[in-house]
Structure formats: C-alpha cells, structure tokens
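As provided, target_19.pdb (PDB, C-alpha atoms) reads as follows.
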ATOM      1  CA  MET A   1     103.177 144.103  58.915
ATOM      2  CA  THR A   2     102.019 144.544  55.302
ATOM      3  CA  ASP A   3     103.776 146.197  52.409
ATOM      4  CA  ASP A   4     101.097 148.901  52.057
ATOM      5  CA  ASP A   5     101.233 150.112  55.662
ATOM      6  CA  PRO A   6     101.378 153.947  55.410
ATOM      7  CA  ARG A   7     104.118 154.655  57.911
ATOM      8  CA  SER A   8     107.566 156.162  58.136
ATOM      9  CA  PRO A   9     110.733 154.041  58.311
ATOM     10  CA  LYS A  10     111.915 153.417  61.843
ATOM     11  CA  ILE A  11     114.531 151.695  63.944
ATOM     12  CA  VAL A  12     113.238 148.646  65.813
ATOM     13  CA  LEU A  13     115.223 147.656  68.901
ATOM     14  CA  GLY A  14     114.789 144.401  70.794
ATOM     15  CA  VAL A  15     115.436 144.465  74.555
ATOM     16  CA  ASP A  16     115.008 141.837  77.235
ATOM     17  CA  GLY A  17     115.573 143.766  80.465
ATOM     18  CA  SER A  18     118.711 141.811  81.348
ATOM     19  CA  GLY A  19     121.234 144.574  80.731
ATOM     20  CA  HIS A  20     122.839 142.643  77.863
ATOM     21  CA  ALA A  21     121.190 144.984  75.367
ATOM     22  CA  ASP A  22     122.479 148.219  76.930
ATOM     23  CA  ALA A  23     125.058 148.726  74.183
ATOM     24  CA  ALA A  24     122.446 148.018  71.503
ATOM     25  CA  LEU A  25     120.095 150.517  73.157
ATOM     26  CA  GLU A  26     122.745 153.235  73.071
ATOM     27  CA  TRP A  27     123.726 152.514  69.461
ATOM     28  CA  ALA A  28     120.121 152.415  68.257
ATOM     29  CA  ALA A  29     119.289 155.635  70.116
ATOM     30  CA  ALA A  30     122.265 157.398  68.533
ATOM     31  CA  GLU A  31     121.090 156.218  65.095
ATOM     32  CA  ALA A  32     117.565 157.423  65.823
ATOM     33  CA  GLU A  33     118.755 160.884  66.826
ATOM     34  CA  ARG A  34     121.168 161.131  63.887
ATOM     35  CA  THR A  35     118.667 160.003  61.239
ATOM     36  CA  GLY A  36     115.470 161.438  62.687
ATOM     37  CA  ARG A  37     113.829 158.019  62.542
ATOM     38  CA  PRO A  38     111.591 157.007  65.455
ATOM     39  CA  LEU A  39     112.987 154.325  67.737
ATOM     40  CA  ASP A  40     110.559 151.521  68.580
ATOM     41  CA  ILE A  41     111.807 149.689  71.672
ATOM     42  CA  VAL A  42     110.256 146.222  71.748
ATOM     43  CA  LEU A  43     110.136 143.842  74.693
ATOM     44  CA  ALA A  44     108.800 140.389  73.841
ATOM     45  CA  LEU A  45     107.200 138.531  76.720
ATOM     46  CA  PRO A  46     107.110 134.858  75.759
ATOM     47  CA  MET A  47     105.313 132.435  78.018
ATOM     48  CA  PRO A  48     106.503 128.810  78.137
ATOM     49  CA  ILE A  49     104.408 126.086  76.585
ATOM     50  CA  VAL A  50     102.971 123.779  79.226
ATOM     51  CA  VAL A  51     101.979 120.225  78.319
ATOM     52  CA  MET A  52      98.635 119.349  79.871
ATOM     53  CA  SER A  53      96.588 116.190  79.632
ATOM     54  CA  GLU A  54      94.484 117.806  76.909
ATOM     55  CA  GLY A  55      97.575 118.883  74.986
ATOM     56  CA  PRO A  56     100.150 121.717  74.926
ATOM     57  CA  THR A  57      99.015 125.184  75.932
ATOM     58  CA  ARG A  58     100.636 128.574  76.464
ATOM     59  CA  PRO A  59      99.347 130.366  79.584
ATOM     60  CA  SER A  60      98.657 134.086  79.543
ATOM     61  CA  ALA A  61     101.144 136.470  81.120
ATOM     62  CA  THR A  62     100.310 137.495  84.668
ATOM     63  CA  GLN A  63      99.663 141.107  85.586
ATOM     64  CA  GLN A  64     102.890 141.044  87.572
ATOM     65  CA  LEU A  65     104.911 140.038  84.488
ATOM     66  CA  ILE A  66     103.164 142.634  82.349
ATOM     67  CA  ALA A  67     103.871 145.347  84.935
ATOM     68  CA  HIS A  68     107.530 144.332  85.044
ATOM     69  CA  GLY A  69     107.713 144.477  81.249
ATOM     70  CA  GLU A  70     106.174 147.947  81.207
ATOM     71  CA  GLN A  71     108.636 149.135  83.853
ATOM     72  CA  THR A  72     111.535 147.729  81.807
ATOM     73  CA  LEU A  73     110.360 149.572  78.683
ATOM     74  CA  SER A  74     109.805 152.783  80.620
ATOM     75  CA  ALA A  75     113.343 152.633  82.030
ATOM     76  CA  ALA A  76     114.780 152.000  78.548
ATOM     77  CA  ALA A  77     112.854 154.938  77.091
ATOM     78  CA  ASP A  78     113.984 157.225  79.927
ATOM     79  CA  ARG A  79     117.598 156.232  79.314
ATOM     80  CA  VAL A  80     117.309 157.040  75.613
ATOM     81  CA  ARG A  81     115.778 160.448  76.321
ATOM     82  CA  GLY A  82     118.520 161.193  78.832
ATOM     83  CA  LEU A  83     121.332 160.306  76.420
ATOM     84  CA  PHE A  84     119.795 161.520  73.164
ATOM     85  CA  PRO A  85     117.070 164.103  73.859
ATOM     86  CA  ALA A  86     116.246 164.616  70.178
ATOM     87  CA  ALA A  87     115.427 160.942  69.596
ATOM     88  CA  ARG A  88     111.770 160.054  69.147
ATOM     89  CA  VAL A  89     110.934 157.015  71.270
ATOM     90  CA  GLU A  90     108.085 154.510  71.144
ATOM     91  CA  VAL A  91     107.701 151.384  73.283
ATOM     92  CA  SER A  92     105.953 148.097  72.533
ATOM     93  CA  LEU A  93     105.226 145.165  74.845
ATOM     94  CA  VAL A  94     104.511 142.074  72.745
ATOM     95  CA  MET A  95     103.218 138.705  73.930
ATOM     96  CA  ASP A  96     105.353 136.519  71.692
ATOM     97  CA  ASP A  97     108.817 134.999  71.329
ATOM     98  CA  PRO A  98     111.519 137.609  70.579
ATOM     99  CA  ALA A  99     112.432 136.651  67.001
ATOM    100  CA  PRO A 100     108.887 136.476  65.549
ATOM    101  CA  ALA A 101     107.856 139.549  67.543
ATOM    102  CA  LEU A 102     110.656 141.636  66.048
ATOM    103  CA  LEU A 103     110.217 140.223  62.549
ATOM    104  CA  GLU A 104     106.527 141.086  62.672
ATOM    105  CA  ARG A 105     107.179 144.702  63.683
ATOM    106  CA  ALA A 106     109.943 145.474  61.171
ATOM    107  CA  GLY A 107     109.135 146.518  57.602
ATOM    108  CA  HIS A 108     111.368 146.356  54.539
ATOM    109  CA  ASP A 109     112.669 149.902  55.015
ATOM    110  CA  ASP A 110     113.339 149.613  58.751
ATOM    111  CA  LEU A 111     116.522 148.770  60.623
ATOM    112  CA  LEU A 112     116.382 146.020  63.245
ATOM    113  CA  VAL A 113     118.834 146.326  66.168
ATOM    114  CA  VAL A 114     119.677 143.664  68.743
ATOM    115  CA  GLY A 115     122.493 142.903  71.146
ATOM    116  CA  SER A 116     124.815 139.981  70.559
ATOM    117  CA  ARG A 117     124.676 138.790  74.169
ATOM    118  CA  GLY A 118     128.046 137.102  73.819
ATOM    119  CA  LEU A 119     127.438 135.050  70.674
ATOM    120  CA  GLY A 120     129.125 131.687  70.926
ATOM    121  CA  ALA A 121     129.835 129.277  68.082
ATOM    122  CA  LEU A 122     127.915 126.418  69.692
ATOM    123  CA  ARG A 123     124.962 128.530  70.647
ATOM    124  CA  SER A 124     124.552 130.196  67.262
ATOM    125  CA  ALA A 125     125.278 127.189  65.083
ATOM    126  CA  VAL A 126     123.351 124.582  67.020
ATOM    127  CA  MET A 127     120.780 126.231  69.261
ATOM    128  CA  GLY A 128     120.413 129.531  67.452
ATOM    129  CA  SER A 129     120.249 132.932  69.110
ATOM    130  CA  THR A 130     117.726 135.681  68.476
ATOM    131  CA  SER A 131     120.315 137.877  66.779
ATOM    132  CA  VAL A 132     121.526 135.149  64.404
ATOM    133  CA  ARG A 133     117.980 134.071  63.552
ATOM    134  CA  LEU A 134     116.992 137.658  62.800
ATOM    135  CA  ALA A 135     120.086 138.277  60.684
ATOM    136  CA  ALA A 136     119.198 135.230  58.583
ATOM    137  CA  ARG A 137     115.440 135.705  58.296
ATOM    138  CA  ALA A 138     114.644 139.430  58.362
ATOM    139  CA  HIS A 139     113.330 141.421  55.407
ATOM    140  CA  CYS A 140     115.411 144.431  56.436
ATOM    141  CA  PRO A 141     118.990 145.098  57.576
ATOM    142  CA  VAL A 142     119.825 143.811  61.050
ATOM    143  CA  ALA A 143     122.406 145.512  63.267
ATOM    144  CA  VAL A 144     123.976 143.298  65.934
ATOM    145  CA  VAL A 145     125.756 145.290  68.640
ATOM    146  CA  PRO A 146     128.361 143.538  70.821
ATOM    147  CA  GLU A 147     127.738 143.692  74.531
ATOM    148  CA  LYS A 148     131.148 145.292  75.133
ATOM    149  CA  TRP A 149     130.714 148.030  72.533
ATOM    150  CA  ALA A 150     130.898 151.577  73.876
ATOM    151  CA  HIS A 151     129.766 154.779  72.174
ATOM    152  CA  ALA A 152     133.170 156.421  72.368
ATOM    153  CA  GLY A 153     136.302 156.884  70.291
ATOM    154  CA  ARG A 154     134.530 157.195  66.939
ATOM    155  CA  ARG A 155     136.825 156.252  64.044
ATOM    156  CA  ASN A 156     134.471 157.521  61.328
ATOM    157  CA  ARG A 157     134.989 154.439  59.173
ATOM    158  CA  THR A 158     132.780 151.634  57.859
ATOM    159  CA  VAL A 159     134.094 148.306  56.568
ATOM    160  CA  VAL A 160     132.106 146.452  53.916
ATOM    161  CA  GLY A 161     132.743 142.964  52.550
ATOM    162  CA  VAL A 162     132.099 142.284  48.847
ATOM    163  CA  ASP A 163     132.499 139.261  46.580
ATOM    164  CA  GLY A 164     131.143 140.481  43.255
ATOM    165  CA  SER A 165     127.720 138.893  43.686
ATOM    166  CA  GLU A 166     124.405 140.699  43.241
ATOM    167  CA  ALA A 167     123.878 140.335  46.984
ATOM    168  CA  SER A 168     127.090 142.160  47.811
ATOM    169  CA  LEU A 169     126.044 145.038  45.545
ATOM    170  CA  HIS A 170     123.175 145.685  47.982
ATOM    171  CA  VAL A 171     125.662 145.489  50.850
ATOM    172  CA  LEU A 172     127.938 148.030  49.159
ATOM    173  CA  ARG A 173     125.050 150.353  48.363
ATOM    174  CA  PHE A 174     123.894 150.264  51.978
ATOM    175  CA  ALA A 175     127.381 151.135  53.249
ATOM    176  CA  LEU A 176     127.865 153.947  50.725
ATOM    177  CA  GLY A 177     124.444 155.426  51.430
ATOM    178  CA  ARG A 178     125.027 155.485  55.156
ATOM    179  CA  ALA A 179     128.498 156.980  54.643
ATOM    180  CA  ARG A 180     127.088 159.787  52.487
ATOM    181  CA  GLU A 181     124.707 160.586  55.301
ATOM    182  CA  ASP A 182     127.114 160.584  58.260
ATOM    183  CA  GLY A 183     130.336 161.571  56.491
ATOM    184  CA  SER A 184     132.253 158.406  57.307
ATOM    185  CA  ALA A 185     134.868 156.771  55.101
ATOM    186  CA  VAL A 186     134.282 153.331  53.586
ATOM    187  CA  THR A 187     136.803 150.518  53.310
ATOM    188  CA  VAL A 188     135.791 147.883  50.764
ATOM    189  CA  VAL A 189     137.288 144.455  51.442
ATOM    190  CA  HIS A 190     137.589 141.729  48.841
ATOM    191  CA  SER A 191     139.581 138.631  49.627
ATOM    192  CA  TRP A 192     140.124 135.229  48.157
ATOM    193  CA  GLU A 193     141.568 131.851  49.013
ATOM    194  CA  MET A 194     142.810 129.524  46.311
ATOM    195  CA  ALA A 195     141.661 125.957  46.836
ATOM    196  CA  THR A 196     143.805 123.151  45.397
ATOM    197  CA  PRO A 197     143.453 119.347  45.410
ATOM    198  CA  PHE A 198     146.854 119.051  47.117
ATOM    199  CA  ALA A 199     148.298 120.233  50.410
ATOM    200  CA  PRO A 200     149.884 123.690  49.990
ATOM    201  CA  GLU A 201     153.140 122.438  51.551
ATOM    202  CA  ALA A 202     153.459 119.656  48.960
ATOM    203  CA  LEU A 203     152.804 122.059  46.108
ATOM    204  CA  ALA A 204     155.374 124.532  47.416
ATOM    205  CA  ALA A 205     157.949 121.744  47.739
ATOM    206  CA  SER A 206     157.398 120.829  44.087
ATOM    207  CA  GLY A 207     158.085 124.399  43.028
ATOM    208  CA  TRP A 208     154.483 125.413  42.251
ATOM    209  CA  THR A 209     153.464 128.946  43.108
ATOM    210  CA  PRO A 210     149.928 130.349  42.967
ATOM    211  CA  PRO A 211     149.191 132.857  40.162
ATOM    212  CA  GLU A 212     149.125 135.830  42.535
ATOM    213  CA  GLU A 213     149.317 138.459  39.820
ATOM    214  CA  LEU A 214     146.339 136.975  38.002
ATOM    215  CA  LEU A 215     144.308 136.778  41.209
ATOM    216  CA  GLU A 216     145.204 140.379  42.088
ATOM    217  CA  GLN A 217     144.154 141.473  38.609
ATOM    218  CA  ARG A 218     140.831 139.656  38.759
ATOM    219  CA  SER A 219     140.142 141.027  42.230
ATOM    220  CA  GLY A 220     140.805 144.554  40.986
ATOM    221  CA  GLU A 221     138.511 144.008  38.010
ATOM    222  CA  LEU A 222     135.761 142.639  40.237
ATOM    223  CA  VAL A 223     135.843 145.614  42.596
ATOM    224  CA  ALA A 224     136.048 148.077  39.705
ATOM    225  CA  ALA A 225     133.000 146.457  38.089
ATOM    226  CA  MET A 226     131.045 146.825  41.322
ATOM    227  CA  PHE A 227     131.845 150.527  41.562
ATOM    228  CA  GLU A 228     130.870 150.969  37.928
ATOM    229  CA  GLU A 229     127.553 149.352  38.822
ATOM    230  CA  VAL A 230     126.853 151.665  41.787
ATOM    231  CA  GLY A 231     127.845 154.698  39.697
ATOM    232  CA  ASP A 232     127.551 158.071  41.420
ATOM    233  CA  GLU A 233     126.376 156.485  44.679
ATOM    234  CA  ALA A 234     130.044 156.535  45.707
ATOM    235  CA  GLU A 235     130.409 160.220  44.858
ATOM    236  CA  GLY A 236     131.578 162.288  47.815
ATOM    237  CA  VAL A 237     132.519 159.234  49.885
ATOM    238  CA  ASP A 238     136.120 158.636  50.945
ATOM    239  CA  VAL A 239     136.563 155.075  49.651
ATOM    240  CA  SER A 240     139.562 152.784  50.027
ATOM    241  CA  VAL A 241     139.891 149.202  48.809
ATOM    242  CA  VAL A 242     141.641 146.330  50.554
ATOM    243  CA  ARG A 243     142.311 143.215  48.483
ATOM    244  CA  SER A 244     143.515 140.361  50.632
ATOM    245  CA  ARG A 245     144.652 136.748  50.283
ATOM    246  CA  GLN A 246     143.373 136.004  53.779
ATOM    247  CA  ALA A 247     140.157 134.158  54.469
ATOM    248  CA  PRO A 248     137.277 136.672  54.059
ATOM    249  CA  GLU A 249     136.300 136.648  57.730
ATOM    250  CA  ARG A 250     139.895 137.252  58.833
ATOM    251  CA  ALA A 251     140.304 140.132  56.408
ATOM    252  CA  LEU A 252     137.075 141.756  57.572
ATOM    253  CA  LEU A 253     137.850 141.329  61.268
ATOM    254  CA  ALA A 254     141.341 142.768  60.777
ATOM    255  CA  GLU A 255     139.906 145.901  59.155
ATOM    256  CA  ALA A 256     137.129 146.100  61.757
ATOM    257  CA  GLU A 257     139.700 146.793  64.466
ATOM    258  CA  ASN A 258     139.925 150.366  63.195
ATOM    259  CA  ALA A 259     136.291 150.892  62.228
ATOM    260  CA  ASP A 260     132.923 151.815  63.752
ATOM    261  CA  LEU A 261     130.795 149.419  61.732
ATOM    262  CA  VAL A 262     131.024 146.322  59.537
ATOM    263  CA  VAL A 263     128.471 145.595  56.809
ATOM    264  CA  VAL A 264     128.124 142.097  55.355
ATOM    265  CA  GLY A 265     125.595 139.987  53.509
ATOM    266  CA  SER A 266     123.892 136.968  54.997
ATOM    267  CA  ARG A 267     125.147 134.806  52.142
ATOM    268  CA  GLY A 268     128.010 135.223  49.704
ATOM    269  CA  ARG A 269     128.563 134.034  46.170
ATOM    270  CA  GLY A 270     127.244 130.510  45.710
ATOM    271  CA  GLY A 271     125.722 130.297  49.199
ATOM    272  CA  LEU A 272     122.453 128.472  49.721
ATOM    273  CA  ARG A 273     119.565 130.705  50.636
ATOM    274  CA  GLY A 274     117.707 129.532  53.690
ATOM    275  CA  LEU A 275     117.228 130.106  57.379
ATOM    276  CA  PHE A 276     120.938 130.056  58.261
ATOM    277  CA  LEU A 277     123.728 132.560  57.975
ATOM    278  CA  GLY A 278     126.795 131.884  55.872
ATOM    279  CA  SER A 279     130.096 131.022  57.512
ATOM    280  CA  VAL A 280     131.671 134.429  56.837
ATOM    281  CA  SER A 281     128.806 136.470  58.279
ATOM    282  CA  GLN A 282     128.605 134.195  61.330
ATOM    283  CA  ALA A 283     132.358 134.459  61.908
ATOM    284  CA  VAL A 284     132.206 138.252  61.693
ATOM    285  CA  LEU A 285     129.271 138.369  64.113
ATOM    286  CA  HIS A 286     131.194 136.161  66.544
ATOM    287  CA  GLY A 287     134.480 138.030  66.328
ATOM    288  CA  ALA A 288     133.749 141.707  65.736
ATOM    289  CA  GLU A 289     133.995 144.143  68.633
ATOM    290  CA  VAL A 290     132.007 146.786  66.758
ATOM    291  CA  PRO A 291     128.410 146.687  65.510
ATOM    292  CA  VAL A 292     127.787 144.505  62.461
ATOM    293  CA  VAL A 293     124.977 145.147  59.990
ATOM    294  CA  VAL A 294     123.818 142.074  58.074
ATOM    295  CA  ILE A 295     121.832 142.534  54.872
ATOM    296  CA  PRO A 296     119.716 139.354  54.754
ATOM    297  CA  HIS A 297     118.922 137.783  51.401
ATOM    298  CA  ARG A 298     115.214 138.573  51.878
ATOM    299  CA  ALA A 299     116.089 142.264  51.930
ATOM    300  CA  GLU A 300     117.390 141.875  48.359
ATOM    301  CA  GLU A 301     113.805 141.258  47.228
ATOM    302  CA  HIS A 302     113.059 144.943  47.977
ATOM    303  CA  PRO A 303     116.372 146.750  47.299
ATOM    304  CA  GLU A 304     114.573 150.026  46.627
ATOM    305  CA  THR A 305     113.444 150.184  50.265
ATOM    306  CA  LEU A 306     116.778 149.389  51.925
ATOM    307  CA  PRO A 307     117.658 152.239  54.300
ATOM    308  CA  TRP A 308     120.669 154.343  53.310
ATOM    309  CA  SER A 309     120.786 152.843  49.812
ATOM    310  CA  GLY A 310     119.045 155.427  47.681
ATOM    311  CA  GLY A 311     115.598 154.016  48.452
ATOM    312  CA  SER A 312     113.125 155.418  50.935
ATOM    313  CA  ASP A 313     115.293 158.025  52.641
TER
END
Take the structure from the file and write it as structure tokens.
Amino acid sequence: MTDDDPRSPKIVLGVDGSGHADAALEWAAAEAERTGRPLDIVLALPMPIVVMSEGPTRPSATQQLIAHGEQTLSAAADRVRGLFPAARVEVSLVMDDPAPALLERAGHDDLLVVGSRGLGALRSAVMGSTSVRLAARAHCPVAVVPEKWAHAGRRNRTVVGVDGSEASLHVLRFALGRAREDGSAVTVVHSWEMATPFAPEALAASGWTPPEELLEQRSGELVAAMFEEVGDEAEGVDVSVVRSRQAPERALLAEAENADLVVVGSRGRGGLRGLFLGSVSQAVLHGAEVPVVVIPHRAEEHPETLPWSGGSD
C-alpha cells in the first residue's frame, strides 16, 4: 500500500473463521453502514514453514484450504449484508500471516478492526497476539473488539484518555471527530499518581500529605490547554472531564463501564516508541468490555489523514 494510491478510506476487518471475530464483524459492519465507508473483510491464510534438508520453505495453500477460506469470507459477507444492508462489502483472501496481511492492506486514513480473542496478559506481553501487534505497529487507528461485546444497549458515550502529550492530542481529536459524526458524548479522562521515594504508609505516619490541590490545579490546566489546542473541534460535542488520582488504566476502565468506546494512544508521555504497546493501553485492551480504539504512534506521522479527526472525511 503506497501513500499515492487513489482510493477512498475504508474499514479493514480481520477474520479467521473461528467465530472469535463475530463481535468485531458486527461492530465493523455497523461502522461501515454508519460512515458509508466500504468494509474490506480480510482472511489471511498463513502456511507453516517446513524445514527441509535444503532449508526452510513455506508450501503453497491447497485448493481445499483456499476453498474453505473463500467459503468463510462468503459467509461473513452474507452476515454483514443481512445485518446491515446498506454496508458496502468487499472480501480479500490473502496468503500471508494475519498481522502483515492486515498492515499491508490498511492505509493511513483507514480503520483496522480485529477481535480480541480473549487477550491474556501472558499471551500479549510474551507471545504477542495479532490485535496487540497491530495496535502497536499500524499506521492507522486500530479498533479491538472484545469477544463478548454485543451490539445492544448503546450508551452514546466515548471515553478518551489524555496526558497532555502531543500523542494524546491526536487521540482527543479522533474521539471528538467521531463524536461530532455520530452525536455521542465524550468523557475526557486525565489521571495521575504521585511517586515518592518512600512508602506511602510511612509518609502518612509522619504527617506528610500529598499536594492534592496543586495536582488538581495542574490537571485542570493541562486539560484546558488541550482543549484550547483543538479549538472548535469540540464545538457541538457534549464533553465532560474526569480528573482522577487513580492509576490511568483503572480510571479509564471505570469510565468504560458506562461507555460504548474507549480511545487511547499506543504510548503516553515519556513512553518509548517501538513495536510494543504501553502499559496503560495494554491494560485497557485486557480489561475493557467495550471496543477500544488505539491510535498507534505511527499514525501521528500523518495526523491529517486520521479518520474522524478533521482529515480525510
């Protein structure tokens, strides 16, 4: 996928035929119908590497496997058309591993959607899952939909985590842009923890108390500065602000209980940029029961093309 490809923005959905991506399929189809973007349903068909005497080789997929993949895509497309008749559907069978296949098909102004498939701490941190790898490496926003999510009981509310960094400005802009489009409210969450060189219990016993008023003031100033930066992008959006002394992931997950969507960055203030997600975004992906959109740091390189952020739409 090159930057000068003359094509319209789309929603790219990864499926594997196992049923784990059913919730992601439904969420992506609803987004496609609501936004008018085409939905590209992608099934990657990776073949295992076999070590032969002459070296490693990857055999070609058999006709039987290809036929099964085509049937899986056809069933997924039929389900989308049955649930959301106005959605435009495309299907793609790709002979590659899932993560590179999806990364190759998604442009800067697209939205990648995958299912979480029961993200576990060990699996994501050590082995890596497709959804976590995509959320860390993509050039566009990545929506991860929990397996248990159901398209019912809409709360009309999006939660967005900010920390005052340039990266979280893109996260805020994405959330505000999407809210302007679908009429949802936005809850902006900023939280902080005060690190000290001593155990909190020992400090409390000595009579020391944290400067809560100062921290509250600085948090308010930080959030106000971010809204000054986004300007009229927040106009017409019902915005509330939650400033919390909880750990960021706890504050976000608490607000997510009454929301439809959580939007976070792949790395917060001071985080190293690389192939791994930050601890907050990973914790939210693990714990949220609603879809989570991650704005990877590579997406910041093309902020003008981010969907729902005043760019291409």
- request: Name the residues captured by the PyMOL selection byres ((chain A and resi 162-171) around 6) when it is applied to the shown file; answer as a PyMOL selection string.
  value: chain A and resi 161+172-174+190+222+269
- prompt: How many Å separate atom CA of A:Val89 from atom CA of A:Pro38?
  reply: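 Taking atom CA of A:Val89 as the start and atom CA of A:Pro38 as the end point, the length is 5.9 Å.
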- prompt: Using only C-alpha atoms, which residue out of A:Asp96, A:Val113, A:Glu289, A:Asp22 lies closest to A:Ser60?
  reply: A:Asp96
query: atom CA of A:Leu83 and atom CA of A:Ile41 are how many Å apart?
result: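 Going from atom CA of A:Leu83 over to atom CA of A:Ile41 covers 15.0 Å.
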- line: Students should find that atom CA of A:Ala225 and atom CA of A:Leu176 are spaced 15.6 Å
- prompt: Which of these, A:Val280, A:Ala44, A:Leu253, A:Ala21, has the shortest distance to A:Ser92 once you count all atoms listed in the file?
  reply: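 Using all atoms listed in the file, the shortest distance to A:Ser92 belongs to A:Ala44.
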message: Please list as a count of residues only every residue within 9 Å of stretch 140-143 of chain A, counting all atoms listed in the file and excluding residues in the same chain fewer than 3 positions away.
response: 31
Nearest-residue call for A:Trp192, choices A:Ala138, A:Thr130, A:Val241, A:Ala247, using all atoms listed in the file: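 For A:Trp192, the nearest of the given residues is A:Ala247.
Residue membership of the PyMOL selection byres ((chain A and resi 219) around 12) in the shown file amounts to A:Val162, A:Asp163, A:Gly164, A:Val188, A:Val189, A:His190, A:Ser191, A:Trp192, A:Glu193, A:Glu212, A:Glu213, A:Leu214, A:Leu215, A:Glu216, A:Gln217, A:Arg218, A:Gly220, A:Glu221, A:Leu222, A:Val223, A:Ala224, A:Ala225, A:Met226, A:Val241, A:Val242, A:Arg243, A:Ser244, A:Arg245.
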task: Measuring atom to atom with only C-alpha atoms, identify which of A:Leu25, A:Leu252, A:Val91, A:Leu45 is nearest to A:Arg79.
output: A:Leu25
task: For A:Arg178, work out the shell of residues within 12 Å, counting only C-alpha atoms and skipping chain neighbours fewer than 5 positions away, then give it as JSON, numbers by chain.
output: {"A": [31, 34, 35, 156, 157, 158, 159, 160, 171, 172, 173, 183, 184, 185, 186, 233, 234, 236, 237, 261, 262, 263, 293, 306, 307, 308, 309, 310, 311, 313]}
Put those residues in a file: C-alpha atoms, as an mmCIF file, keeping the file's coordinate frame.
data_model
loop_
_atom_site.group_PDB
_atom_site.id
_atom_site.type_symbol
_atom_site.label_atom_id
_atom_site.label_comp_id
_atom_site.auth_asym_id
_atom_site.auth_seq_id
_atom_site.Cartn_x
_atom_site.Cartn_y
_atom_site.Cartn_z
ATOM 1 C CA GLU A 31 121.090 156.218 65.095
ATOM 2 C CA ARG A 34 121.168 161.131 63.887
ATOM 3 C CA THR A 35 118.667 160.003 61.239
ATOM 4 C CA ASN A 156 134.471 157.521 61.328
ATOM 5 C CA ARG A 157 134.989 154.439 59.173
ATOM 6 C CA THR A 158 132.780 151.634 57.859
ATOM 7 C CA VAL A 159 134.094 148.306 56.568
ATOM 8 C CA VAL A 160 132.106 146.452 53.916
ATOM 9 C CA VAL A 171 125.662 145.489 50.850
ATOM 10 C CA LEU A 172 127.938 148.030 49.159
ATOM 11 C CA ARG A 173 125.050 150.353 48.363
ATOM 12 C CA GLY A 183 130.336 161.571 56.491
ATOM 13 C CA SER A 184 132.253 158.406 57.307
ATOM 14 C CA ALA A 185 134.868 156.771 55.101
ATOM 15 C CA VAL A 186 134.282 153.331 53.586
ATOM 16 C CA GLU A 233 126.376 156.485 44.679
ATOM 17 C CA ALA A 234 130.044 156.535 45.707
ATOM 18 C CA GLY A 236 131.578 162.288 47.815
ATOM 19 C CA VAL A 237 132.519 159.234 49.885
ATOM 20 C CA LEU A 261 130.795 149.419 61.732
ATOM 21 C CA VAL A 262 131.024 146.322 59.537
ATOM 22 C CA VAL A 263 128.471 145.595 56.809
ATOM 23 C CA VAL A 293 124.977 145.147 59.990
ATOM 24 C CA LEU A 306 116.778 149.389 51.925
ATOM 25 C CA PRO A 307 117.658 152.239 54.300
ATOM 26 C CA TRP A 308 120.669 154.343 53.310
ATOM 27 C CA SER A 309 120.786 152.843 49.812
ATOM 28 C CA GLY A 310 119.045 155.427 47.681
ATOM 29 C CA GLY A 311 115.598 154.016 48.452
ATOM 30 C CA ASP A 313 115.293 158.025 52.641
#
message: Let me make sure I understand: among A:Glu147, A:Gly14, A:Trp27, A:Ala259, which one has the smallest atom-to-atom distance to A:Leu93 if we use all atoms listed in the file?
response: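 Closest to A:Leu93 of all the choices is A:Gly14.
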- request: Pick out the closest residue to A:Val264 from this set: A:Val42, A:Ile66, A:Leu102, A:Leu285. Count all atoms listed in the file.
  value: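 Checking each candidate against A:Val264, we get A:Leu285 as the closest.
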- request: Please provide the set of residues having any atom within 9 Å of A:Arg37, restricted to all atoms listed in the file, with same-chain residues fewer than 6 positions apart removed, written as a list in words.
  value: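 Everything that qualifies: Ser8, Pro9, Lys10, Ile11, Glu31, Ala87 and Arg88 of chain A.
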Please produce an output containing C-alpha atoms for each residue in the selection, written as a tab-separated table (two decimals), in the coordinates of the input.
chain	number	residue	atom	x	y	z
A	8	SER	CA	107.57	156.16	58.14
A	9	PRO	CA	110.73	154.04	58.31
A	10	LYS	CA	111.92	153.42	61.84
A	11	ILE	CA	114.53	151.70	63.94
A	31	GLU	CA	121.09	156.22	65.10
A	87	ALA	CA	115.43	160.94	69.60
A	88	ARG	CA	111.77	160.05	69.15
Picked residues, the PyMOL selection byres ((chain A and resi 97) around 8), expected as a list in words: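 Evaluating the PyMOL selection byres ((chain A and resi 97) around 8) on this file yields Ala44, Leu45, Pro46, Met47, Met95, Asp96, Pro98, Ala99, Pro100 and Ala101 of chain A.
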Could you give me the centre and size, in Å to one decimal, of an axis-aligned box around all listed atoms of stretch 32-49 of chain A with 5 Å added on every side, as AutoDock Vina command-line options?
--center_x 112.8 --center_y 143.8 --center_z 69.7 --size_x 26.8 --size_y 45.4 --size_z 26.9
